[in-house]
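Peer 1: Here you go, this is start-v8.pdb (PDB, C-alpha atoms and all ligand atoms).
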```pdb
ATOM      1  CA  MET G   1      92.748 116.993  83.080
ATOM      2  CA  PRO G   2      94.369 114.297  85.201
ATOM      3  CA  LEU G   3      98.103 113.722  84.700
ATOM      4  CA  PHE G   4      97.551 109.992  84.581
ATOM      5  CA  GLU G   5      94.510 107.841  84.026
ATOM      6  CA  ALA G   6      93.842 104.125  83.862
ATOM      7  CA  LYS G   7      90.419 103.160  82.595
ATOM      8  CA  ASN G   8      88.717  99.803  83.154
ATOM      9  CA  VAL G   9      91.877  97.758  83.453
ATOM     10  CA  VAL G  10      91.393  94.000  83.453
ATOM     11  CA  LYS G  11      94.238  91.547  83.960
ATOM     12  CA  GLN G  12      93.990  87.778  84.222
ATOM     13  CA  PHE G  13      96.615  85.190  84.983
ATOM     14  CA  GLY G  14      95.090  82.056  83.536
ATOM     15  CA  SER G  15      91.621  81.841  85.037
ATOM     16  CA  PHE G  16      92.590  84.058  87.983
ATOM     17  CA  THR G  17      91.523  87.708  87.779
ATOM     18  CA  ALA G  18      94.184  89.986  89.312
ATOM     19  CA  LEU G  19      92.519  93.251  88.239
ATOM     20  CA  ASP G  20      88.807  93.458  87.625
ATOM     21  CA  ASN G  21      87.849  96.667  85.849
ATOM     22  CA  VAL G  22      90.088  98.972  87.870
ATOM     23  CA  SER G  23      90.187 102.694  87.032
ATOM     24  CA  ILE G  24      92.300 105.400  88.609
ATOM     25  CA  SER G  25      92.476 109.101  87.904
ATOM     26  CA  VAL G  26      95.587 110.860  89.195
ATOM     27  CA  PRO G  27      95.573 114.677  89.272
ATOM     28  CA  ALA G  28      98.825 116.490  88.500
ATOM     29  CA  GLN G  29     101.080 117.221  91.451
ATOM     30  CA  CYS G  30      99.248 114.948  93.803
ATOM     31  CA  ILE G  31     100.325 112.052  95.981
ATOM     32  CA  TYR G  32      98.163 109.128  95.030
ATOM     33  CA  GLY G  33      97.961 106.104  97.337
ATOM     34  CA  LEU G  34      97.311 102.703  95.850
ATOM     35  CA  LEU G  35      96.052 100.902  98.912
ATOM     36  CA  GLY G  36      94.944  97.416  99.720
ATOM     37  CA  PRO G  37      95.930  94.195 101.445
ATOM     38  CA  ASN G  38      98.618  91.866 100.100
ATOM     39  CA  GLY G  39      97.485  90.202  96.907
ATOM     40  CA  ALA G  40      94.932  92.917  96.081
ATOM     41  CA  GLY G  41      96.474  93.668  92.674
ATOM     42  CA  LYS G  42      98.530  96.814  93.384
ATOM     43  CA  THR G  43     101.821  95.588  91.923
ATOM     44  CA  THR G  44     100.021  94.192  88.896
ATOM     45  CA  LEU G  45      98.540  97.627  88.184
ATOM     46  CA  ILE G  46     101.916  99.309  88.721
ATOM     47  CA  ARG G  47     103.589  96.885  86.320
ATOM     48  CA  ILE G  48     100.907  97.668  83.745
ATOM     49  CA  ILE G  49     101.437 101.433  84.185
ATOM     50  CA  ASN G  50     105.160 100.845  83.619
ATOM     51  CA  GLN G  51     104.380  98.776  80.531
ATOM     52  CA  ILE G  52     106.236  95.756  81.869
ATOM     53  CA  THR G  53     103.111  93.775  81.198
ATOM     54  CA  GLY G  54     100.010  94.653  79.216
ATOM     55  CA  PRO G  55      96.399  94.641  80.391
ATOM     56  CA  ASP G  56      93.905  92.212  78.828
ATOM     57  CA  SER G  57      91.661  95.202  78.347
ATOM     58  CA  GLY G  58      91.524  98.807  79.455
ATOM     59  CA  GLU G  59      93.283 102.019  78.505
ATOM     60  CA  LEU G  60      96.052 104.156  79.957
ATOM     61  CA  PHE G  61      96.547 107.885  79.443
ATOM     62  CA  ILE G  62      99.279 110.326  80.381
ATOM     63  CA  ASN G  63      98.403 114.018  80.056
ATOM     64  CA  GLY G  64      95.299 113.002  78.125
ATOM     65  CA  LYS G  65      97.222 111.036  75.473
ATOM     66  CA  LYS G  66      97.414 107.268  75.194
ATOM     67  CA  LEU G  67     100.448 105.928  77.028
ATOM     68  CA  THR G  68     103.190 104.700  74.665
ATOM     69  CA  PRO G  69     106.544 102.953  75.227
ATOM     70  CA  ASP G  70     108.285 106.336  74.730
ATOM     71  CA  ASP G  71     106.594 107.679  77.843
ATOM     72  CA  VAL G  72     108.799 105.606  80.157
ATOM     73  CA  GLN G  73     111.290 108.483  80.026
ATOM     74  CA  PHE G  74     108.793 110.628  81.944
ATOM     75  CA  ILE G  75     108.261 107.986  84.609
ATOM     76  CA  GLY G  76     110.457 107.093  87.574
ATOM     77  CA  TYR G  77     109.795 103.619  88.942
ATOM     78  CA  LEU G  78     110.899 101.924  92.132
ATOM     79  CA  PRO G  79     109.897  98.267  91.823
ATOM     80  CA  GLU G  80     108.761  96.155  94.749
ATOM     81  CA  GLU G  81     111.641  93.754  94.116
ATOM     82  CA  ARG G  82     114.637  95.971  94.798
ATOM     83  CA  GLY G  83     117.880  95.261  93.043
ATOM     84  CA  LEU G  84     121.238  96.935  92.606
ATOM     85  CA  TYR G  85     124.358  95.169  91.370
ATOM     86  CA  LYS G  86     125.843  93.879  94.614
ATOM     87  CA  LYS G  87     129.486  93.886  93.507
ATOM     88  CA  MET G  88     129.506  97.362  92.029
ATOM     89  CA  LYS G  89     130.434 100.441  94.031
ATOM     90  CA  VAL G  90     127.545 102.618  95.176
ATOM     91  CA  GLY G  91     128.613 105.916  93.580
ATOM     92  CA  GLU G  92     129.773 104.314  90.357
ATOM     93  CA  GLN G  93     126.456 102.479  90.030
ATOM     94  CA  ALA G  94     124.343 105.544  90.814
ATOM     95  CA  LEU G  95     126.284 107.496  88.158
ATOM     96  CA  TYR G  96     125.822 104.708  85.630
ATOM     97  CA  LEU G  97     122.067 104.457  86.242
ATOM     98  CA  ALA G  98     121.682 108.243  86.037
ATOM     99  CA  GLN G  99     123.436 108.300  82.662
ATOM    100  CA  LEU G 100     121.130 105.516  81.436
ATOM    101  CA  LYS G 101     118.258 107.897  82.233
ATOM    102  CA  GLY G 102     119.818 110.475  79.945
ATOM    103  CA  LEU G 103     121.719 112.733  82.338
ATOM    104  CA  SER G 104     125.220 113.943  81.437
ATOM    105  CA  LYS G 105     127.972 112.796  83.762
ATOM    106  CA  THR G 106     128.483 116.302  85.177
ATOM    107  CA  GLU G 107     124.788 116.870  85.786
ATOM    108  CA  ALA G 108     124.378 113.392  87.306
ATOM    109  CA  MET G 109     127.316 114.032  89.627
ATOM    110  CA  LYS G 110     125.874 117.350  90.751
ATOM    111  CA  ARG G 111     122.450 115.883  91.513
ATOM    112  CA  LEU G 112     123.842 112.772  93.179
ATOM    113  CA  LYS G 113     125.981 114.860  95.525
ATOM    114  CA  TYR G 114     122.908 116.835  96.528
ATOM    115  CA  TRP G 115     120.807 113.742  97.211
ATOM    116  CA  PHE G 116     123.525 111.705  98.926
ATOM    117  CA  ARG G 117     123.996 114.629 101.306
ATOM    118  CA  LYS G 118     120.235 115.061 101.777
ATOM    119  CA  LEU G 119     119.707 111.389 102.657
ATOM    120  CA  ASP G 120     122.872 111.239 104.717
ATOM    121  CA  ILE G 121     124.696 108.512 102.795
ATOM    122  CA  VAL G 122     127.744 110.442 101.505
ATOM    123  CA  ASP G 123     130.162 108.164 103.372
ATOM    124  CA  TRP G 124     128.899 105.146 101.423
ATOM    125  CA  TRP G 125     129.781 106.502  97.979
ATOM    126  CA  GLY G 126     132.937 104.377  97.586
ATOM    127  CA  LYS G 127     131.605 101.171  99.207
ATOM    128  CA  LYS G 128     130.305  98.142  97.396
ATOM    129  CA  VAL G 129     126.510  97.774  97.440
ATOM    130  CA  GLU G 130     126.757  94.461  99.308
ATOM    131  CA  GLU G 131     128.417  96.269 102.226
ATOM    132  CA  LEU G 132     125.316  98.427 102.738
ATOM    133  CA  SER G 133     122.345  97.588 104.961
ATOM    134  CA  LYS G 134     118.997  96.958 103.240
ATOM    135  CA  GLY G 135     117.806 100.403 104.300
ATOM    136  CA  MET G 136     120.864 102.135 102.830
ATOM    137  CA  GLN G 137     120.496 100.238  99.565
ATOM    138  CA  GLN G 138     116.872 101.356  99.487
ATOM    139  CA  LYS G 139     117.954 104.965  99.897
ATOM    140  CA  VAL G 140     120.352 104.600  96.961
ATOM    141  CA  GLN G 141     117.591 103.088  94.856
ATOM    142  CA  PHE G 142     115.176 105.820  95.900
ATOM    143  CA  ILE G 143     117.688 108.385  94.633
ATOM    144  CA  THR G 144     118.255 106.623  91.308
ATOM    145  CA  THR G 145     114.457 106.488  90.810
ATOM    146  CA  ILE G 146     113.944 110.236  91.101
ATOM    147  CA  LEU G 147     117.274 111.689  89.930
ATOM    148  CA  HIS G 148     116.185 112.475  86.367
ATOM    149  CA  GLU G 149     113.226 114.438  87.797
ATOM    150  CA  PRO G 150     110.459 112.412  86.173
ATOM    151  CA  LEU G 151     106.978 113.874  85.769
ATOM    152  CA  LEU G 152     105.375 110.791  87.287
ATOM    153  CA  ILE G 153     107.058 108.831  90.052
ATOM    154  CA  ILE G 154     105.844 105.376  91.033
ATOM    155  CA  PHE G 155     106.991 103.724  94.241
ATOM    156  CA  ASP G 156     105.895 100.151  94.899
ATOM    157  CA  GLU G 157     105.830  99.666  98.689
ATOM    158  CA  PRO G 158     108.471 102.361  99.305
ATOM    159  CA  PHE G 159     108.503 101.961 103.101
ATOM    160  CA  THR G 160     109.070  98.216 103.290
ATOM    161  CA  GLY G 161     112.499  97.517 104.759
ATOM    162  CA  PHE G 162     112.906 100.934 106.410
ATOM    163  CA  ASP G 163     112.994 101.596 110.149
ATOM    164  CA  PRO G 164     110.601 104.277 111.496
ATOM    165  CA  VAL G 165     113.203 107.060 111.290
ATOM    166  CA  ASN G 166     114.057 106.349 107.655
ATOM    167  CA  THR G 167     110.384 105.788 106.822
ATOM    168  CA  ASN G 168     109.818 109.316 108.033
ATOM    169  CA  THR G 169     112.724 110.622 105.952
ATOM    170  CA  ILE G 170     111.280 109.007 102.824
ATOM    171  CA  LYS G 171     107.788 110.366 103.594
ATOM    172  CA  ASN G 172     109.219 113.863 103.848
ATOM    173  CA  GLU G 173     111.105 113.423 100.581
ATOM    174  CA  ILE G 174     107.896 112.290  98.865
ATOM    175  CA  LEU G 175     106.165 115.456 100.120
ATOM    176  CA  PHE G 176     109.162 117.474  98.895
ATOM    177  CA  LEU G 177     108.979 115.874  95.425
ATOM    178  CA  ARG G 178     105.318 116.858  95.141
ATOM    179  CA  GLU G 179     106.210 120.407  96.167
ATOM    180  CA  ARG G 180     108.767 120.458  93.359
ATOM    181  CA  GLY G 181     106.003 119.563  90.889
ATOM    182  CA  ALA G 182     106.116 115.781  90.573
ATOM    183  CA  THR G 183     103.055 113.554  90.595
ATOM    184  CA  ILE G 184     103.494 110.493  92.764
ATOM    185  CA  ILE G 185     101.755 107.131  92.842
ATOM    186  CA  PHE G 186     102.774 104.785  95.613
ATOM    187  CA  SER G 187     101.431 101.487  96.827
ATOM    188  CA  THR G 188     101.181 100.332 100.403
ATOM    189  CA  HIS G 189      99.431  97.614 102.359
ATOM    190  CA  ASN G 190      99.833  99.739 105.500
ATOM    191  CA  MET G 191      96.855 102.077 105.961
ATOM    192  CA  GLY G 192      98.444 103.883 108.899
ATOM    193  CA  SER G 193      99.815 107.040 107.346
ATOM    194  CA  VAL G 194      97.325 107.671 104.564
ATOM    195  CA  GLU G 195      96.037 111.022 105.880
ATOM    196  CA  GLU G 196      99.477 112.571 106.331
ATOM    197  CA  LEU G 197     100.683 111.652 102.842
ATOM    198  CA  CYS G 198      97.908 111.061 100.308
ATOM    199  CA  ASP G 199      95.813 113.635  98.491
ATOM    200  CA  ASN G 200      93.936 110.933  96.620
ATOM    201  CA  ILE G 201      93.624 107.201  97.019
ATOM    202  CA  THR G 202      92.194 104.081  95.545
ATOM    203  CA  LEU G 203      91.475 101.105  97.748
ATOM    204  CA  ILE G 204      91.761  97.816  95.923
ATOM    205  CA  ASN G 205      90.497  94.628  97.483
ATOM    206  CA  LYS G 206      90.524  91.251  95.713
ATOM    207  CA  ALA G 207      91.184  92.821  92.305
ATOM    208  CA  LYS G 208      88.355  95.370  92.595
ATOM    209  CA  THR G 209      88.290  99.079  93.421
ATOM    210  CA  ILE G 210      86.158  99.607  96.469
ATOM    211  CA  LEU G 211      86.932 103.258  97.174
ATOM    212  CA  GLU G 212      88.485 105.967  94.994
ATOM    213  CA  GLY G 213      88.932 109.718  95.191
ATOM    214  CA  SER G 214      90.213 112.604  97.262
ATOM    215  CA  VAL G 215      90.991 111.811 100.900
ATOM    216  CA  ASP G 216      89.214 114.974 102.100
ATOM    217  CA  GLU G 217      86.089 114.177 100.097
ATOM    218  CA  ILE G 218      86.001 110.556 101.203
ATOM    219  CA  ARG G 219      86.369 111.507 104.866
ATOM    220  CA  LYS G 220      83.560 114.065 104.546
ATOM    221  CA  GLN G 221      81.321 111.535 102.791
ATOM    222  CA  TRP G 222      81.836 109.042 105.591
ATOM    223  CA  ALA G 223      81.519 111.584 108.372
ATOM    224  CA  GLY G 224      77.987 110.448 109.181
ATOM    225  CA  ASN G 225      76.255 112.567 111.773
ATOM    226  CA  GLU G 226      78.992 113.072 114.321
ATOM    227  CA  TYR G 227      80.327 116.509 115.185
ATOM    228  CA  ASP G 228      83.072 117.998 117.327
ATOM    229  CA  LEU G 229      82.000 120.960 119.360
ATOM    230  CA  THR G 230      84.159 123.233 121.508
ATOM    231  CA  LEU G 231      82.631 125.477 124.152
ATOM    232  CA  LYS G 232      84.282 128.161 126.228
ATOM    233  CA  GLY G 233      84.766 127.333 129.901
ATOM    234  CA  ASP G 234      84.127 124.229 131.932
ATOM    235  CA  VAL G 235      80.627 123.179 130.911
ATOM    236  CA  ARG G 236      78.648 119.978 130.941
ATOM    237  CA  LEU G 237      76.537 119.357 127.858
ATOM    238  CA  GLN G 238      73.457 117.151 128.198
ATOM    239  CA  GLY G 239      72.124 115.098 125.321
ATOM    240  CA  ASN G 240      68.448 115.256 124.332
ATOM    241  CA  ASN G 241      66.240 113.774 121.634
ATOM    242  CA  HIS G 242      68.136 115.770 118.977
ATOM    243  CA  PHE G 243      71.622 114.607 119.814
ATOM    244  CA  SER G 244      73.573 112.369 122.142
ATOM    245  CA  VAL G 245      76.902 113.119 123.779
ATOM    246  CA  LEU G 246      79.524 110.508 122.887
ATOM    247  CA  ASP G 247      82.499 112.040 124.638
ATOM    248  CA  GLN G 248      83.215 115.183 126.600
ATOM    249  CA  LYS G 249      86.216 116.674 128.358
ATOM    250  CA  SER G 250      87.170 120.035 129.821
ATOM    251  CA  GLU G 251      90.695 121.401 129.969
ATOM    252  CA  ASP G 252      92.543 124.710 129.585
ATOM    253  CA  GLY G 253      89.353 126.687 130.004
ATOM    254  CA  LYS G 254      87.389 124.950 127.281
ATOM    255  CA  THR G 255      85.221 121.904 126.804
ATOM    256  CA  SER G 256      85.426 119.552 123.825
ATOM    257  CA  VAL G 257      82.410 117.432 123.032
ATOM    258  CA  ARG G 258      81.801 114.757 120.402
ATOM    259  CA  ILE G 259      78.103 114.540 119.630
ATOM    260  CA  LYS G 260      75.996 112.350 117.400
ATOM    261  CA  THR G 261      72.863 113.902 115.972
ATOM    262  CA  ALA G 262      69.578 112.130 115.440
ATOM    263  CA  ASP G 263      68.467 111.732 111.833
ATOM    264  CA  LYS G 264      66.888 114.769 110.189
ATOM    265  CA  VAL G 265      68.264 117.195 112.758
ATOM    266  CA  SER G 266      69.902 120.223 111.153
ATOM    267  CA  THR G 267      73.204 121.648 112.336
ATOM    268  CA  ASN G 268      71.387 124.911 113.090
ATOM    269  CA  ASP G 269      69.090 123.061 115.485
ATOM    270  CA  ILE G 270      72.124 121.601 117.219
ATOM    271  CA  LEU G 271      73.769 124.994 117.488
ATOM    272  CA  ASN G 272      70.560 126.476 118.885
ATOM    273  CA  PHE G 273      70.500 123.908 121.655
ATOM    274  CA  THR G 274      74.142 123.858 122.504
ATOM    275  CA  MET G 275      74.650 127.636 122.556
ATOM    276  CA  ARG G 276      72.425 127.768 125.637
ATOM    277  CA  SER G 277      75.095 125.841 127.518
ATOM    278  CA  GLY G 278      77.914 128.260 126.723
ATOM    279  CA  GLU G 279      79.846 130.128 124.072
ATOM    280  CA  ILE G 280      80.604 127.973 121.036
ATOM    281  CA  ILE G 281      84.147 128.459 119.748
ATOM    282  CA  ALA G 282      84.281 125.634 117.204
ATOM    283  CA  PHE G 283      81.874 123.298 115.436
ATOM    284  CA  ASN G 284      83.077 120.770 112.854
ATOM    285  CA  PRO G 285      82.025 117.471 111.343
ATOM    286  CA  ALA G 286      84.002 114.710 113.060
ATOM    287  CA  LEU G 287      85.998 113.104 110.261
ATOM    288  CA  PRO G 288      86.675 109.386 110.556
ATOM    289  CA  SER G 289      90.226 108.207 109.906
ATOM    290  CA  MET G 290      90.878 106.492 106.575
ATOM    291  CA  ASN G 291      91.623 103.346 108.530
ATOM    292  CA  GLU G 292      88.148 103.425 110.131
ATOM    293  CA  ILE G 293      86.615 103.991 106.710
ATOM    294  CA  PHE G 294      88.551 101.093 105.161
ATOM    295  CA  ILE G 295      87.356  98.738 107.856
ATOM    296  CA  ARG G 296      83.766  99.883 107.369
ATOM    297  CA  VAL G 297      83.958  99.583 103.565
ATOM    298  CA  VAL G 298      85.559  96.151 103.606
ATOM    299  CA  GLU G 299      83.118  94.872 106.253
ATOM    300  CA  SER G 300      80.098  96.178 104.345
ATOM    301  CA  ARG G 301      81.276  94.161 101.339
ATOM    302  CA  ASN G 302      81.834  90.854 103.101
TER
HETATM  303  P1  LIG G 401      99.699  93.288  95.641
HETATM  304  O1  LIG G 401     100.823  94.048  95.023
HETATM  305  O2  LIG G 401      98.471  94.101  95.855
HETATM  306  O3  LIG G 401     100.116  92.589  96.895
HETATM  307  P2  LIG G 401      99.883  91.664  93.231
HETATM  308  O4  LIG G 401      99.465  92.587  92.161
HETATM  309  O5  LIG G 401     101.330  91.389  93.367
HETATM  310  O6  LIG G 401      99.249  92.119  94.627
HETATM  311  O7  LIG G 401      99.156  90.275  93.024
HETATM  312  C1  LIG G 401      97.754  90.172  92.854
HETATM  313  C2  LIG G 401      97.404  88.714  92.632
HETATM  314  O8  LIG G 401      97.830  88.322  91.340
HETATM  315  C3  LIG G 401      98.047  87.763  93.620
HETATM  316  O9  LIG G 401      97.117  86.775  93.948
HETATM  317  C4  LIG G 401      99.207  87.186  92.842
HETATM  318  O10 LIG G 401      99.507  85.899  93.277
HETATM  319  C5  LIG G 401      98.683  87.199  91.409
HETATM  320  N1  LIG G 401      99.758  87.337  90.439
HETATM  321  C6  LIG G 401     100.563  88.416  90.294
HETATM  322  N2  LIG G 401     101.437  88.241  89.273
HETATM  323  C7  LIG G 401     101.200  87.010  88.769
HETATM  324  C8  LIG G 401     101.755  86.238  87.708
HETATM  325  N3  LIG G 401     102.748  86.709  86.944
HETATM  326  N4  LIG G 401     101.234  85.011  87.463
HETATM  327  C9  LIG G 401     100.210  84.539  88.219
HETATM  328  N5  LIG G 401      99.646  85.203  89.229
HETATM  329  C10 LIG G 401     100.107  86.415  89.517
HETATM  330 MG    MG G 402     102.738  94.395  95.704
END
```
Can you turn what I pasted into C-alpha cells?
Ligand code: ADP
Ligand code: MG
Peer 2:
Amino acid sequence: MPLFEAKNVVKQFGSFTALDNVSISVPAQCIYGLLGPNGAGKTTLIRIINQITGPDSGELFINGKKLTPDDVQFIGYLPEERGLYKKMKVGEQALYLAQLKGLSKTEAMKRLKYWFRKLDIVDWWGKKVEELSKGMQQKVQFITTILHEPLLIIFDEPFTGFDPVNTNTIKNEILFLRERGATIIFSTHNMGSVEELCDNITLINKAKTILEGSVDEIRKQWAGNEYDLTLKGDVRLQGNNHFSVLDQKSEDGKTSVRIKTADKVSTNDILNFTMRSGEIIAFNPALPSMNEIFIRVVESRN
C-alpha cells in the first residue's frame, strides 16, 4: 500500500485548469519527485496535499485512509514562499516553531542542537533572522520543517536559493531522511539531478501527468534497442545488418561499445556475433537519462 495517494485531482482557477486529473502514488520511504516546468501545477498539487486549498474533484489518501485535517501533524511542509519572522532571533524562533509542532522545550532543544551542528549554522543561533543570508535562512527553515520527524515530508522547490555546495548538503540530508524512514515528496523544475535523488517521479506538464512511476522502470521502458557492451582487450567491433556501432573506445585493456540493434534481433543473436570479436565482460541495456526521456516525452506530445 502506498504511503500517500492522490487520485484524479482536478483544480480550476476560474476557467483555467491548473490540475487536470492528476494522480500520484507515493510508496513508503521513497523520494518522490514532482517534476515539470514552471507553471505546470506542482505547487497547486502540494498546496492541495497540505490542505491549504481543496481540489474541485479527486481524492487523497494517507496510509490507505482518506486524508483529514488531523493528518497535518504527520506532514512536514516547506512552502515555496519561504518566510521566517525577520526580527526574531534564529534560535528562539526555531524553538518556538518546534514547540508549535508539539515538541517539549527540552526535546526541541536537543534536536535543534543536533541539526544546527549538522548543517553548520551553530554560530547563527543568537542572530536575528534578517542578519542571515537567504541560504542560511533556508537551512533554518529546512530544519524547522523536519524537526518533529514527520512521516511525510514535502519540500516545494527545496534547492532554489542555494549555491551548489549547499544544494548538495540538502540533497544528502534528503537521502538521510529517507534512510531514517521518512517518505519525501519534493518539487523541482530542474531535471538535472533526478537520477541521483528520486526513486519515483511524476512529470507534470500544463496541468497533466505525462509520465509517472519508478525511475528505474521508466528508464528501462525508454531504453529502446541500445546496449552497452564491454570486451576484454583492444578490439574493433564492426556493425552488420543485426546491429550498428554508435560509439566505441578502448582504454585500460578493455573496449566499451554502444550498439543499436535492428528490430527483431534478440540479445542472444547480438552476443553470438560480438563474442567472436573478443571476450565479453559486460552487456547491459543503455539507459537514457531522465532528462533525455523528458525531452522525448514532451516533444512527442507537442
Ligand atoms: P508550478 O508550481 O508547477 O510552477 P503552480 O501550481 O504554482 O505551478 O501554478 C500552476 C498554474 O496555476 C499557473 O499558471 C498559475 O498561474 C496558476 N495558479 C496557481 N495558483 C493560482 C491562483 N490562486 N489563482 C489563479 N491562478 C493560479
Ligand atoms: Mg511551484
Peer 1: So which residues touch G:Lys232 within 7 Å, counting all atoms listed in the file, skipping near sequence neighbours fewer than 2 positions away, as a ChimeraX atom specification?
Peer 2: /G:230,234,253-255,278-281
Peer 1: Atom CA of G:His148 to atom CA of G:Tyr32: how many Å, to one decimal?
Peer 2: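 Pair atom CA of G:His148 / atom CA of G:Tyr32 returns 20.3 Å.
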Peer 1: Could I get the residue neighbourhood of ligand MG 402 (chain G) at 8 Å, counting all atoms listed in the file, as a VMD selection string?
Peer 2: chain G and resid 38 to 44 80 156 to 157 187 to 188
Peer 1: Could those residues be written to a file, using C-alpha atoms, as a JSON list (two decimals), keeping the file's coordinate frame?
Peer 2:
```
[["chain", "number", "residue", "atom", "x", "y", "z"],
["G", 38, "ASN", "CA", 98.62, 91.87, 100.10],
["G", 39, "GLY", "CA", 97.48, 90.20, 96.91],
["G", 40, "ALA", "CA", 94.93, 92.92, 96.08],
["G", 41, "GLY", "CA", 96.47, 93.67, 92.67],
["G", 42, "LYS", "CA", 98.53, 96.81, 93.38],
["G", 43, "THR", "CA", 101.82, 95.59, 91.92],
["G", 44, "THR", "CA", 100.02, 94.19, 88.90],
["G", 80, "GLU", "CA", 108.76, 96.16, 94.75],
["G", 156, "ASP", "CA", 105.90, 100.15, 94.90],
["G", 157, "GLU", "CA", 105.83, 99.67, 98.69],
["G", 187, "SER", "CA", 101.43, 101.49, 96.83],
["G", 188, "THR", "CA", 101.18, 100.33, 100.40]]
```
Peer 1: Since I can't run it myself right now, could you work out what the PyMOL selection byres (((chain G and resi 141) around 10) and not hetatm) selects here and report it as a VMD selection string?
Peer 2: chain G and resid 77 to 79 82 to 84 90 94 97 135 to 140 142 to 147
Peer 1: Between atom CA of G:Asn200 and atom CA of G:Met290, measure the distance and give it in Å to one decimal.
Peer 2: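 Atom-to-atom, atom CA of G:Asn200 and atom CA of G:Met290 are spaced 11.3 Å apart.
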Peer 1: Could you write out as a PyMOL selection string the residues that the PyMOL selection byres (((not hetatm)) within 12 of (chain G and resi 401)) matches in the shown file?
Peer 2: chain G and resi 10-20+34-48+52-54+79-81+155-157+186-190+202-209
Peer 1: Residues at most 12 Å from G:Lys264, counting only C-alpha atoms, excluding those fewer than 6 positions away in the same chain, as a PyMOL selection string?
Peer 2: chain G and resi 224-225+241-243+270
Peer 1: Restricting the calculation to all atoms listed in the file, which member of G:Ile31, G:Val298, G:Val265, G:Leu287 is positioned closest to G:Glu196?
Peer 2: G:Ile31
Peer 1: Please measure the separation of atom CA of G:Leu229 and atom CA of G:Val215, giving the value in Å to one decimal.
Peer 2: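 For atom CA of G:Leu229 relative to atom CA of G:Val215, the distance reads 22.5 Å.
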